[in-house]
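With PDB, C-alpha atoms inside, this is final-v3.pdb:
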```pdb
MODEL        1
ATOM      1  CA  MET K   1     132.341  46.980 142.119
ATOM      2  CA  GLY K   2     130.963  45.458 145.280
ATOM      3  CA  THR K   3     131.384  42.660 147.734
ATOM      4  CA  GLY K   4     128.252  42.502 149.668
ATOM      5  CA  HIS K   5     124.968  43.804 150.807
ATOM      6  CA  SER K   6     122.430  46.020 149.085
ATOM      7  CA  ALA K   7     118.754  46.761 149.742
ATOM      8  CA  GLN K   8     117.728  45.052 146.516
ATOM      9  CA  PRO K   9     119.961  42.074 145.684
ATOM     10  CA  GLY K  10     120.897  41.711 142.056
ATOM     11  CA  HIS K  11     121.873  38.724 139.979
ATOM     12  CA  CYS K  12     124.813  37.912 137.769
ATOM     13  CA  LEU K  13     123.893  38.566 134.144
ATOM     14  CA  VAL K  14     126.180  35.706 133.071
ATOM     15  CA  CYS K  15     125.451  32.822 135.472
ATOM     16  CA  GLY K  16     122.170  34.038 137.019
ATOM     17  CA  GLU K  17     123.328  33.506 140.607
ATOM     18  CA  PRO K  18     122.766  36.196 143.263
ATOM     19  CA  LEU K  19     125.447  38.854 143.660
ATOM     20  CA  VAL K  20     125.116  39.031 147.436
ATOM     21  CA  GLY K  21     125.603  36.733 150.363
ATOM     22  CA  ASP K  22     128.558  34.724 149.126
ATOM     23  CA  GLY K  23     131.314  37.295 149.693
ATOM     24  CA  GLN K  24     132.456  37.123 146.071
ATOM     25  CA  LEU K  25     133.636  40.191 144.222
ATOM     26  CA  TYR K  26     131.203  41.494 141.609
ATOM     27  CA  TRP K  27     130.707  44.477 139.311
ATOM     28  CA  ILE K  28     127.388  46.309 139.002
ATOM     29  CA  THR K  29     126.731  46.771 135.283
ATOM     30  CA  GLU K  30     122.939  47.216 135.129
ATOM     31  CA  HIS K  31     121.714  48.191 138.589
ATOM     32  CA  PRO K  32     120.922  46.187 140.636
ATOM     33  CA  ASN K  33     122.354  43.425 138.473
ATOM     34  CA  GLY K  34     125.924  42.900 137.453
ATOM     35  CA  VAL K  35     128.560  40.279 136.839
ATOM     36  CA  HIS K  36     130.637  38.179 139.206
ATOM     37  CA  HIS K  37     134.316  38.984 138.860
ATOM     38  CA  HIS K  38     135.073  35.423 137.759
ATOM     39  CA  CYS K  39     132.161  35.410 135.262
ATOM     40  CA  ARG K  40     133.151  38.637 133.534
ATOM     41  CA  ALA K  41     134.791  38.215 130.115
ATOM     42  CA  TRP K  42     137.559  40.736 130.777
ATOM     43  CA  GLU K  43     139.534  39.798 127.680
ATOM     44  CA  THR K  44     136.658  40.849 125.392
ATOM     45  CA  GLU K  45     136.200  44.298 126.943
ATOM     46  CA  ARG K  46     137.727  47.636 126.179
ATOM     47  CA  TYR K  47     140.089  48.798 128.953
ATOM     48  CA  PRO K  48     137.646  49.700 131.767
ATOM     49  CA  PHE K  49     139.887  51.659 134.129
ATOM     50  CA  ASP K  50     140.575  54.897 132.207
ATOM     51  CA  ARG K  51     138.586  56.940 134.724
ATOM     52  CA  ASP K  52     140.606  55.497 137.626
ATOM     53  CA  LEU K  53     143.885  56.153 135.818
ATOM     54  CA  ASP K  54     142.908  59.755 135.100
ATOM     55  CA  HIS K  55     141.928  60.237 138.738
ATOM     56  CA  LEU K  56     145.231  58.769 139.970
ATOM     57  CA  ARG K  57     147.120  61.197 137.752
ATOM     58  CA  TYR K  58     145.008  64.063 139.089
ATOM     59  CA  LEU K  59     145.668  62.972 142.676
ATOM     60  CA  ALA K  60     149.405  62.724 142.015
ATOM     61  CA  ARG K  61     149.457  66.313 140.750
ATOM     62  CA  MET K  62     147.482  67.485 143.784
ATOM     63  CA  LEU K  63     149.774  65.622 146.183
ATOM     64  CA  VAL K  64     152.884  67.123 144.589
ATOM     65  CA  ARG K  65     151.323  70.583 144.852
ATOM     66  CA  ALA K  66     150.450  70.006 148.521
ATOM     67  CA  TRP K  67     153.959  68.686 149.239
ATOM     68  CA  ARG K  68     155.496  71.791 147.662
ATOM     69  CA  GLU K  69     153.260  74.072 149.719
ATOM     70  CA  ILE K  70     154.088  72.209 152.924
ATOM     71  CA  VAL K  71     157.827  72.393 152.238
ATOM     72  CA  ARG K  72     157.609  76.070 151.265
ATOM     73  CA  ASP K  73     155.672  77.017 154.384
ATOM     74  CA  GLY K  74     157.878  74.853 156.597
ATOM     75  CA  ARG K  75     160.988  76.586 155.291
ATOM     76  CA  TRP K  76     159.388  79.974 155.798
ATOM     77  CA  LEU K  77     158.404  79.056 159.367
ATOM     78  CA  ALA K  78     161.915  77.743 160.126
ATOM     79  CA  GLY K  79     163.327  81.050 158.877
ATOM     80  CA  VAL K  80     160.971  82.968 161.130
ATOM     81  CA  ARG K  81     162.110  80.822 164.057
ATOM     82  CA  ARG K  82     165.767  81.618 163.370
ATOM     83  CA  GLY K  83     165.041  85.351 163.365
ATOM     84  CA  TRP K  84     162.540  85.404 166.219
ATOM     85  CA  PRO K  85     161.481  87.807 167.723
ATOM     86  CA  ALA K  86     162.314  90.196 164.871
ATOM     87  CA  ASP K  87     159.089  91.230 163.080
ATOM     88  CA  ALA K  88     157.141  88.966 165.430
ATOM     89  CA  ARG K  89     153.734  90.613 164.938
ATOM     90  CA  GLN K  90     154.054  90.706 161.138
ATOM     91  CA  ASN K  91     155.302  87.109 161.015
ATOM     92  CA  ALA K  92     152.506  85.916 163.297
ATOM     93  CA  THR K  93     149.964  87.568 161.003
ATOM     94  CA  GLU K  94     151.543  86.090 157.892
ATOM     95  CA  TRP K  95     151.680  82.628 159.448
ATOM     96  CA  THR K  96     147.955  82.680 160.237
ATOM     97  CA  GLU K  97     147.290  83.529 156.571
ATOM     98  CA  ARG K  98     149.685  80.860 155.272
ATOM     99  CA  ARG K  99     148.286  78.267 157.654
ATOM    100  CA  ALA K 100     144.689  78.998 156.653
ATOM    101  CA  ARG K 101     145.594  78.692 152.954
ATOM    102  CA  LEU K 102     147.454  75.424 153.552
ATOM    103  CA  GLU K 103     144.605  73.989 155.626
ATOM    104  CA  LEU K 104     142.153  74.841 152.832
ATOM    105  CA  HIS K 105     144.295  73.088 150.221
ATOM    106  CA  LEU K 106     144.742  70.032 152.449
ATOM    107  CA  SER K 107     140.998  69.931 153.118
ATOM    108  CA  GLN K 108     140.296  70.023 149.364
ATOM    109  CA  LEU K 109     142.841  67.253 148.857
ATOM    110  CA  ARG K 110     141.209  65.095 151.553
ATOM    111  CA  GLU K 111     137.857  65.402 149.766
ATOM    112  CA  ARG K 112     139.368  64.113 146.515
ATOM    113  CA  LEU K 113     141.438  61.217 147.834
ATOM    114  CA  ARG K 114     138.759  58.625 147.078
ATOM    115  CA  LEU K 115     138.886  56.633 143.867
TER     116      LEU K 115
ENDMDL
END
```
Could you render the structure from this file as structure tokens?
Amino acid sequence: MGTGHSAQPGHCLVCGEPLVGDGQLYWITEHPNGVHHHCRAWETERYPFDRDLDHLRYLARMLVRAWREIVRDGRWLAGVRRGWPADARQNATEWTERRARLELHLSQLRERLRL
């Protein structure tokens, strides 16, 4: 899918008009050519968004996992706060480990947030 500029402008395989320069939505189907959104015969095609749906489901699972980790670590940290300074050194060490693990998971999530 695109809306604009490329190094080598393509043409619509249905109407023959250029795909760039008019701001219209288009879909690349045979690079650099494609089909304008309004020219595409959507009703004759097999459902084209299975990959996007699968990725959304994957992202939802990852977001739930991240939410659970955040809540778990937040509860742990709140418990440490209530008991502070008991076991301060041990808790400080554990928090650095928990934080590093959480930051890694959030970083991995950030990398996968694109559709």
- [ ] Show which residues sit within 12 Å of Gly16 of chain K, as a ChimeraX atom specification. Count all atoms listed in the file, and ignore same-chain residues fewer than 5 positions away.
- [x] /K:10-11,33-36,39
With C-alpha atoms retained, write the just-selected residues as a PDB file, keeping the file's coordinate frame.
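Wrote it out as out.pdb, contents follow:
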```pdb
ATOM      1  CA  GLY K  10     120.897  41.711 142.056  1.00  0.00           C
ATOM      2  CA  HIS K  11     121.873  38.724 139.979  1.00  0.00           C
ATOM      3  CA  ASN K  33     122.354  43.425 138.473  1.00  0.00           C
ATOM      4  CA  GLY K  34     125.924  42.900 137.453  1.00  0.00           C
ATOM      5  CA  VAL K  35     128.560  40.279 136.839  1.00  0.00           C
ATOM      6  CA  HIS K  36     130.637  38.179 139.206  1.00  0.00           C
ATOM      7  CA  CYS K  39     132.161  35.410 135.262  1.00  0.00           C
TER       8      CYS K  39
END
```
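Nearest-residue note for Leu102 of chain K: choosing from K:Arg81, K:Arg46, K:His55, K:Arg65, the minimum distance belongs to K:Arg65, counting all atoms listed in the file.
Nearest residue to Arg57 of chain K, choosing from K:Val71, K:Val80, K:Leu115, K:Glu94 and counting only C-alpha atoms: K:Leu115.
The list of residues with at least one atom within 12 Å of Leu113 of chain K, based on only C-alpha atoms and without residues fewer than 4 positions apart in the same chain, reads Asp52, His55, Leu56, Arg57, Tyr58, Leu59, Ala60, Arg61, Met62, Leu63, Leu106, Ser107, Gln108 and Leu109 of chain K.
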Task: Matched chain/residue IDs from the PyMOL selection byres ((chain K and resi 40) around 10), as a ChimeraX atom specification - done: /K:12-15,26-27,34-39,41-45
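Relative to atom CA of Gly74 of chain K, atom CA of Thr93 of chain K is found at 15.6 Å.
The space between atom CA of Gln90 of chain K and atom CA of Trp76 of chain K spans 13.1 Å.
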Task: Selected residue of minimal separation from Val64 of chain K among K:His105, K:Ala78, K:Gln8, K:Asp87, counting only C-alpha atoms - done: K:His105
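The space separating atom CA of Leu77 of chain K from atom CA of Trp95 of chain K comes to 7.6 Å.
Of the listed residues (K:Glu103, K:Glu17, K:Asp50, K:Leu25), K:Glu103 comes nearest to Ile70 of chain K; the distances count only C-alpha atoms.
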Task: Closest of K:Arg114, K:Trp84, K:Ala92, K:Arg98 to Arg72 of chain K - atom-to-atom distances counting all atoms listed in the file - done: K:Arg98
